[in-house]
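Reproduced below: work14.txt, with compact mmCIF, C-alpha atoms.
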# COMPACT_ATOMS: atom_id res chain seq x y z
CA MET A 1 110.70 143.43 127.38
CA ASN A 2 109.86 146.75 125.71
CA ASN A 3 106.64 145.63 124.02
CA ARG A 4 103.89 145.75 126.66
CA PHE A 5 101.12 145.77 124.07
CA LEU A 6 100.47 144.17 120.70
CA ASN A 7 98.65 146.21 118.08
CA CYS A 8 96.21 143.66 116.63
CA ARG A 9 94.29 145.38 113.85
CA GLY A 10 94.01 148.54 115.93
CA LYS A 11 93.19 146.72 119.17
CA LEU A 12 95.87 147.01 121.84
CA VAL A 13 96.37 143.67 123.56
CA SER A 14 98.15 143.88 126.91
CA LEU A 15 101.05 141.58 127.76
CA GLU A 16 101.11 142.55 131.43
CA LYS A 17 99.71 139.08 132.06
CA PRO A 18 100.51 135.99 129.96
CA LEU A 19 98.25 135.21 127.02
CA ILE A 20 96.90 131.90 125.77
CA MET A 21 97.09 131.05 122.08
CA GLY A 22 94.76 128.20 121.19
CA VAL A 23 95.82 125.92 118.32
CA LEU A 24 93.35 125.37 115.48
CA ASN A 25 94.81 122.97 112.93
CA VAL A 26 92.59 122.48 109.89
CA THR A 27 94.96 119.92 108.40
CA TYR A 28 94.57 116.16 108.02
CA ASP A 29 98.09 115.26 109.11
CA SER A 30 99.03 117.34 112.17
CA PHE A 31 100.86 115.28 114.78
CA TYR A 32 98.09 115.43 117.41
CA ASP A 33 94.77 116.68 116.06
CA GLY A 34 95.02 116.04 112.32
CA GLY A 35 91.61 115.77 110.67
CA ARG A 36 89.55 116.80 113.70
CA TYR A 37 88.77 120.34 112.59
CA ALA A 38 88.98 120.17 108.80
CA ASP A 39 85.36 121.18 108.12
CA GLU A 40 83.57 124.38 109.07
CA SER A 41 81.20 123.00 111.69
CA ALA A 42 84.13 121.33 113.49
CA TRP A 43 86.46 124.34 113.43
CA LEU A 44 83.65 126.64 114.61
CA ARG A 45 82.81 124.32 117.54
CA GLN A 46 86.45 124.06 118.56
CA THR A 47 87.00 127.82 118.31
CA GLU A 48 83.88 128.50 120.39
CA LYS A 49 85.16 126.07 123.01
CA MET A 50 88.64 127.62 123.13
CA LEU A 51 87.29 131.16 123.41
CA ALA A 52 84.89 130.13 126.19
CA GLU A 53 87.79 128.52 128.06
CA GLY A 54 89.88 131.69 127.89
CA ALA A 55 91.91 131.73 124.67
CA ASP A 56 93.17 135.23 123.84
CA ILE A 57 94.38 134.30 120.34
CA VAL A 58 93.39 131.53 117.94
CA ASP A 59 96.26 130.26 115.80
CA VAL A 60 95.04 128.89 112.46
CA GLY A 61 97.28 126.41 110.67
CA CYS A 62 96.52 124.95 107.24
CA VAL A 63 99.82 123.12 106.62
CA SER A 64 101.28 120.49 108.91
CA THR A 65 104.81 121.28 110.06
CA ARG A 66 105.38 118.07 112.01
CA PRO A 67 108.77 116.39 111.44
CA GLY A 68 108.99 114.90 107.97
CA SER A 69 105.89 116.69 106.67
CA VAL A 70 105.64 117.90 103.09
CA ALA A 71 104.08 121.26 102.24
CA ILE A 72 100.79 121.49 100.37
CA ASP A 73 100.30 123.64 97.27
CA GLU A 74 100.54 127.35 98.09
CA GLU A 75 97.29 128.25 96.36
CA LEU A 76 95.45 125.59 98.33
CA GLU A 77 96.93 126.96 101.57
CA ILE A 78 95.79 130.48 100.63
CA GLN A 79 92.27 129.29 99.83
CA THR A 80 91.95 127.26 103.02
CA MET A 81 93.46 129.92 105.26
CA SER A 82 91.25 132.68 103.84
CA ALA A 83 88.11 130.55 104.12
CA VAL A 84 88.78 129.63 107.77
CA ILE A 85 89.66 133.18 108.82
CA LYS A 86 86.60 134.67 107.15
CA SER A 87 84.42 132.01 108.76
CA LEU A 88 85.85 132.74 112.22
CA THR A 89 85.59 136.52 111.94
CA ARG A 90 81.94 136.22 110.83
CA SER A 91 81.05 133.92 113.70
CA PHE A 92 83.16 135.52 116.45
CA PRO A 93 83.38 139.31 116.01
CA GLY A 94 86.47 140.72 117.72
CA ILE A 95 88.39 137.44 117.63
CA ILE A 96 92.17 137.80 117.39
CA ILE A 97 93.51 135.37 114.80
CA SER A 98 97.10 134.34 114.19
CA ALA A 99 97.94 132.84 110.79
CA ASP A 100 100.45 130.02 111.11
CA THR A 101 102.37 130.17 107.82
CA TYR A 102 105.91 130.55 106.50
CA ARG A 103 104.77 131.81 103.08
CA SER A 104 104.59 135.55 102.46
CA GLU A 105 101.68 135.36 100.02
CA VAL A 106 99.65 133.32 102.49
CA ALA A 107 100.50 135.85 105.19
CA ARG A 108 99.34 138.72 103.00
CA GLU A 109 96.03 137.07 102.14
CA ALA A 110 95.49 136.01 105.75
CA VAL A 111 95.76 139.58 107.02
CA HIS A 112 93.51 140.83 104.24
CA SER A 113 90.99 138.16 105.29
CA GLY A 114 91.01 139.28 108.93
CA ALA A 115 94.06 137.79 110.68
CA ALA A 116 95.91 140.06 113.09
CA ILE A 117 99.19 138.17 113.66
CA ILE A 118 101.62 136.22 111.47
CA ASN A 119 103.16 133.14 113.09
CA ASP A 120 106.17 132.05 111.00
CA ILE A 121 107.85 128.80 112.07
CA SER A 122 110.81 129.58 109.80
CA GLY A 123 111.65 133.01 111.19
CA GLY A 124 111.79 134.32 107.63
CA THR A 125 114.27 131.68 106.44
CA MET A 126 111.92 129.80 104.11
CA ASP A 127 110.54 132.78 102.17
CA GLU A 128 112.85 135.72 101.50
CA LYS A 129 109.85 138.02 101.01
CA MET A 130 108.32 137.37 104.43
CA PHE A 131 110.04 140.21 106.30
CA GLU A 132 109.16 142.86 103.69
CA THR A 133 105.59 141.52 103.60
CA VAL A 134 105.23 141.76 107.39
CA ALA A 135 106.72 145.26 107.32
CA ARG A 136 104.20 146.31 104.71
CA LEU A 137 101.29 144.70 106.58
CA GLN A 138 102.40 146.12 109.96
CA ALA A 139 101.08 143.01 111.69
CA PRO A 140 102.62 141.54 114.85
CA TYR A 141 105.11 138.86 113.81
CA ILE A 142 106.05 135.68 115.64
CA LEU A 143 109.67 134.90 114.82
CA MET A 144 110.41 131.26 115.51
CA HIS A 145 113.79 129.53 115.50
CA ILE A 146 114.20 126.42 113.36
CA GLN A 147 117.13 124.43 112.04
CA GLY A 148 116.34 123.15 108.55
CA THR A 149 112.78 122.69 107.29
CA PRO A 150 109.92 120.49 108.54
CA ALA A 151 111.02 117.82 106.05
CA THR A 152 114.65 117.77 107.29
CA MET A 153 114.73 119.37 110.73
CA GLN A 154 114.94 116.17 112.80
CA LEU A 155 117.69 114.56 110.72
CA LYS A 156 120.47 114.76 113.32
CA PRO A 157 120.20 118.43 114.42
CA LYS A 158 123.51 119.72 115.80
CA TYR A 159 124.56 122.76 117.85
CA THR A 160 127.70 123.83 119.66
CA ASP A 161 125.64 125.77 122.21
CA ILE A 162 121.95 125.79 121.40
CA THR A 163 121.04 128.62 123.77
CA LYS A 164 123.73 130.97 122.47
CA GLU A 165 123.01 130.10 118.85
CA THR A 166 119.26 130.62 119.26
CA ILE A 167 119.74 133.95 121.01
CA LYS A 168 122.16 135.03 118.26
CA PHE A 169 119.54 134.09 115.66
CA PHE A 170 116.94 136.24 117.42
CA SER A 171 119.32 139.17 117.89
CA GLU A 172 120.19 139.26 114.19
CA ARG A 173 116.68 138.68 112.88
CA THR A 174 114.94 141.13 115.21
CA ALA A 175 117.51 143.83 114.37
CA LYS A 176 116.74 143.35 110.67
CA LEU A 177 113.00 143.51 111.29
CA ARG A 178 113.27 146.69 113.37
CA LEU A 179 115.29 148.35 110.61
CA MET A 180 112.43 147.51 108.26
CA GLY A 181 109.93 149.16 110.60
CA VAL A 182 108.46 146.08 112.29
CA ASN A 183 107.86 146.89 115.96
CA ASP A 184 105.58 144.13 117.25
CA ILE A 185 107.91 141.11 117.29
CA ILE A 186 107.38 137.97 119.39
CA ILE A 187 110.15 135.39 119.71
CA ASP A 188 109.59 131.63 119.87
CA PRO A 189 112.53 129.26 120.61
CA GLY A 190 110.88 126.61 118.44
CA PHE A 191 110.68 123.59 120.72
CA GLY A 192 110.80 120.47 118.56
CA PHE A 193 111.87 122.24 115.38
CA GLY A 194 115.36 121.02 114.50
CA LYS A 195 116.17 120.00 118.07
CA THR A 196 116.71 116.78 119.97
CA ILE A 197 114.93 116.11 123.26
CA SER A 198 118.10 117.19 125.08
CA HIS A 199 118.24 120.42 123.06
CA ASN A 200 114.62 121.14 123.98
CA PHE A 201 115.16 120.69 127.69
CA GLU A 202 118.36 122.72 127.60
CA LEU A 203 116.44 125.60 126.00
CA LEU A 204 113.69 125.28 128.60
CA ARG A 205 116.21 125.30 131.43
CA ASN A 206 117.85 128.42 129.99
CA LEU A 207 114.63 130.22 129.12
CA ASP A 208 115.54 133.01 131.57
CA TYR A 209 118.27 134.19 129.18
CA PHE A 210 115.67 135.10 126.57
CA LYS A 211 114.40 137.85 128.88
CA PHE A 212 117.36 139.93 127.73
CA ILE A 213 115.90 140.08 124.21
CA PRO A 214 113.47 143.04 124.34
CA HIS A 215 110.51 141.21 122.85
CA PRO A 216 107.70 139.02 124.21
CA LEU A 217 108.43 135.31 124.50
CA LEU A 218 106.10 132.61 123.17
CA VAL A 219 106.49 129.00 124.29
CA GLY A 220 104.88 126.11 122.42
CA VAL A 221 105.50 122.71 124.00
CA SER A 222 101.93 121.43 123.89
CA ARG A 223 101.82 117.61 123.55
CA LYS A 224 105.19 117.59 121.75
CA SER A 225 107.56 114.66 121.53
CA MET A 226 109.90 116.09 124.15
CA ILE A 227 107.11 115.13 126.56
CA TRP A 228 105.65 111.89 125.27
CA LYS A 229 108.88 110.34 124.03
CA THR A 230 110.53 111.09 127.37
CA LEU A 231 107.59 109.54 129.23
CA GLN A 232 107.23 106.74 126.65
CA THR A 233 103.56 107.48 126.04
CA SER A 234 101.86 109.30 123.12
CA PRO A 235 100.66 112.80 122.15
CA ALA A 236 97.17 111.84 123.38
CA GLU A 237 98.61 111.10 126.85
CA ALA A 238 100.83 114.19 127.06
CA LEU A 239 98.48 116.70 128.67
CA ASN A 240 99.84 116.31 132.20
CA GLY A 241 103.42 116.68 130.94
CA THR A 242 102.38 119.73 128.92
CA THR A 243 101.02 121.40 132.05
CA VAL A 244 104.26 120.71 133.93
CA LEU A 245 106.39 122.29 131.19
CA ASN A 246 103.97 125.21 130.77
CA THR A 247 104.33 125.90 134.50
CA ILE A 248 108.11 125.99 134.16
CA ALA A 249 107.82 128.32 131.15
CA LEU A 250 105.54 130.72 133.04
CA LEU A 251 107.88 130.77 136.03
CA LYS A 252 110.65 131.66 133.58
CA SER A 253 108.60 134.62 132.24
CA ALA A 254 106.91 133.26 129.11
CA ASN A 255 104.43 135.83 127.81
CA ILE A 256 102.35 133.59 125.54
CA LEU A 257 101.57 129.87 125.76
CA ARG A 258 100.60 128.15 122.51
CA VAL A 259 98.42 125.17 123.48
CA HIS A 260 95.94 122.58 122.28
CA ASP A 261 94.19 122.50 125.68
CA VAL A 262 93.07 125.98 126.68
CA LYS A 263 91.19 125.17 129.90
CA GLU A 264 94.19 123.45 131.47
CA ALA A 265 96.57 126.23 130.37
CA LYS A 266 94.25 128.85 131.86
CA GLU A 267 94.17 127.02 135.18
CA CYS A 268 97.96 126.74 135.09
CA MET A 269 98.29 130.50 134.54
CA GLU A 270 95.89 131.36 137.36
CA LEU A 271 97.79 129.21 139.84
CA VAL A 272 101.19 130.58 138.82
CA GLU A 273 99.83 134.13 139.06
CA LEU A 274 98.57 133.49 142.60
CA PHE A 275 101.88 131.89 143.55
CA ARG A 276 103.73 135.01 142.39
CA LYS A 277 101.40 137.40 144.23
CA ILE A 278 101.85 135.63 147.56
CA GLN A 279 105.66 135.77 147.43
Would you put the structure from the file into structure tokens?
Amino acid sequence: MNNRFLNCRGKLVSLEKPLIMGVLNVTYDSFYDGGRYADESAWLRQTEKMLAEGADIVDVGCVSTRPGSVAIDEELEIQTMSAVIKSLTRSFPGIIISADTYRSEVAREAVHSGAAIINDISGGTMDEKMFETVARLQAPYILMHIQGTPATMQLKPKYTDITKETIKFFSERTAKLRLMGVNDIIIDPGFGFGKTISHNFELLRNLDYFKFIPHPLLVGVSRKSMIWKTLQTSPAEALNGTTVLNTIALLKSANILRVHDVKEAKECMELVELFRKIQ
């Protein structure tokens, strides 16, 4: 990995140790926490809690991207995203915010409102202007792999070799971004986005191969169906499984964990770090 720091609005954030990205969904239909943080008092309380528990980044999402979801109006997403980001930056000076969006106009307004990072679940495949927008903004960019769109991605996803195809996707897309002058790129294999449970576990098993891509690696498995469907439970009962998979991801050199439960992820990181030091 060449990128040891992320330039977040002029603040250099070190990646020498893994970072925690706390999820803040202000939607009504997210798969786990839909409706919980859709008003200002609720999103401020949750953000305060996540920061106190050790979140390095807060990832704001205003559109659900769960399987089968339908996008909201772009103007509404812009208004909601801008309002939340401005509220957070007023209440928590110095906070590092990631804007979870696949729309270039939303990304532009989010950065202008105070976001430092763009988190694009489509890897630039759902808005042809996203790459040029990120290049112009010079914001760190999370490039996620997806097959299809949220509305279609779980309709029989197919791969010949999912690890090779995902790595090829990253190699091609990161090369294009670098040519456009984007230096701070983070890759995300996209667990649960156009992948079966078997695909997800195959990617997790082969996560070591992603170390050969010279960019930080983000892993987001928090409370996803690869856990609760395998264990025949529910998203609400998937915290223990999330911690197990986060531990595997850290041992396989994940640089950022995207999680709903910051305290547990922080404890996981501290234990893995101690385990590595003693070896």
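Distances here use all atoms listed in the file; by that measure, the residue among A:Ala254, A:Met126, A:Leu177, A:Ala139 closest to Val111 in chain A is A:Ala139.
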Checklist outcome for this item: With distances taken over only C-alpha atoms, the candidate from A:Ser41, A:Thr101, A:Gln138, A:Ser87 nearest Gly114 in chain A is A:Ser87
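Here the question is which of A:Phe210, A:Phe92, A:Phe191, A:Phe201 gets nearest to Leu51 in chain A using all atoms listed in the file, and that residue is A:Phe92.
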Checklist entry - Suppose you want the space between CA of Ile167 in chain A and CA of Ala265 in chain A; what is it in Å? => result 26.2 Å
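Pairwise distance (CA of Asn246 in chain A, CA of Asn25 in chain A) equals 20.2 Å.
Distance annotation: of A:Ile20, A:His112, A:Ile142, A:Ser98, the residue with the minimal separation from Ser222 in chain A is A:Ile20; atom set is all atoms listed in the file.
A straight line drawn from CA of Ile256 in chain A to CA of Leu218 in chain A is 4.5 Å long.
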Checklist entry - Smallest atom-to-atom distance to Ile121 in chain A: which of A:Glu172, A:Arg108, A:Gly190, A:Lys156, using only C-alpha atoms? => result A:Gly190
Checklist entry - Skipping near chain neighbours, those fewer than 2 positions away, what residues fall within 9 Å of Asp59 in chain A using only C-alpha atoms, listed as a ChimeraX atom specification? => result /A:21-25,57,61,96-100,117,119,258
Checklist entry - Could you tell me, as a VMD selection string, which residues have any atom at most 9 Å from (120.4, 126.7, 128.9), counting all atoms listed in the file? => result chain A and resid 161 to 164 199 201 to 209
Checklist outcome for this item: Counting all atoms listed in the file, the residue among A:Ile186, A:Ala249, A:Lys176, A:Ser104 that lies closest to Leu143 in chain A is A:Ile186
As a PDB file with C-alpha atoms, keeping the file's coordinate frame, please: the residues near Glu264 in chain A (cut-off 9 Å, all atoms listed in the file, same-chain neighbours under 3 positions excluded).
ATOM      1  CA  GLU A  53      87.790 128.520 128.060  1.00  0.00           C
ATOM      2  CA  LEU A 239      98.480 116.700 128.670  1.00  0.00           C
ATOM      3  CA  THR A 243     101.020 121.400 132.050  1.00  0.00           C
ATOM      4  CA  ASP A 261      94.190 122.500 125.680  1.00  0.00           C
ATOM      5  CA  GLU A 267      94.170 127.020 135.180  1.00  0.00           C
ATOM      6  CA  CYS A 268      97.960 126.740 135.090  1.00  0.00           C
ATOM      7  CA  MET A 269      98.290 130.500 134.540  1.00  0.00           C
TER       8      MET A 269
END
Item to check | Point (114.1, 128.1, 107.1) neighbourhood (12 Å, all atoms listed in the file) written as a list in words | outcome: Thr65, Thr101, Tyr102, Arg103, Asp120, Ile121, Ser122, Gly123, Gly124, Thr125, Met126, Asp127, Glu128, Met130, Leu143, Met144, His145, Ile146, Gln147, Gly148, Thr149, Pro150, Ala151, Thr152, Met153, Phe169, Gly190, Phe193 and Gly194 of chain A
Create the file for the chosen residues now, containing C-alpha atoms and written as a PDB file, keeping the file's coordinate frame.
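Once everything was written out, this is again_10.pdb:
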ATOM      1  CA  THR A  65     104.810 121.280 110.060  1.00  0.00           C
ATOM      2  CA  THR A 101     102.370 130.170 107.820  1.00  0.00           C
ATOM      3  CA  TYR A 102     105.910 130.550 106.500  1.00  0.00           C
ATOM      4  CA  ARG A 103     104.770 131.810 103.080  1.00  0.00           C
ATOM      5  CA  ASP A 120     106.170 132.050 111.000  1.00  0.00           C
ATOM      6  CA  ILE A 121     107.850 128.800 112.070  1.00  0.00           C
ATOM      7  CA  SER A 122     110.810 129.580 109.800  1.00  0.00           C
ATOM      8  CA  GLY A 123     111.650 133.010 111.190  1.00  0.00           C
ATOM      9  CA  GLY A 124     111.790 134.320 107.630  1.00  0.00           C
ATOM     10  CA  THR A 125     114.270 131.680 106.440  1.00  0.00           C
ATOM     11  CA  MET A 126     111.920 129.800 104.110  1.00  0.00           C
ATOM     12  CA  ASP A 127     110.540 132.780 102.170  1.00  0.00           C
ATOM     13  CA  GLU A 128     112.850 135.720 101.500  1.00  0.00           C
ATOM     14  CA  MET A 130     108.320 137.370 104.430  1.00  0.00           C
ATOM     15  CA  LEU A 143     109.670 134.900 114.820  1.00  0.00           C
ATOM     16  CA  MET A 144     110.410 131.260 115.510  1.00  0.00           C
ATOM     17  CA  HIS A 145     113.790 129.530 115.500  1.00  0.00           C
ATOM     18  CA  ILE A 146     114.200 126.420 113.360  1.00  0.00           C
ATOM     19  CA  GLN A 147     117.130 124.430 112.040  1.00  0.00           C
ATOM     20  CA  GLY A 148     116.340 123.150 108.550  1.00  0.00           C
ATOM     21  CA  THR A 149     112.780 122.690 107.290  1.00  0.00           C
ATOM     22  CA  PRO A 150     109.920 120.490 108.540  1.00  0.00           C
ATOM     23  CA  ALA A 151     111.020 117.820 106.050  1.00  0.00           C
ATOM     24  CA  THR A 152     114.650 117.770 107.290  1.00  0.00           C
ATOM     25  CA  MET A 153     114.730 119.370 110.730  1.00  0.00           C
ATOM     26  CA  PHE A 169     119.540 134.090 115.660  1.00  0.00           C
ATOM     27  CA  GLY A 190     110.880 126.610 118.440  1.00  0.00           C
ATOM     28  CA  PHE A 193     111.870 122.240 115.380  1.00  0.00           C
ATOM     29  CA  GLY A 194     115.360 121.020 114.500  1.00  0.00           C
TER      30      GLY A 194
END
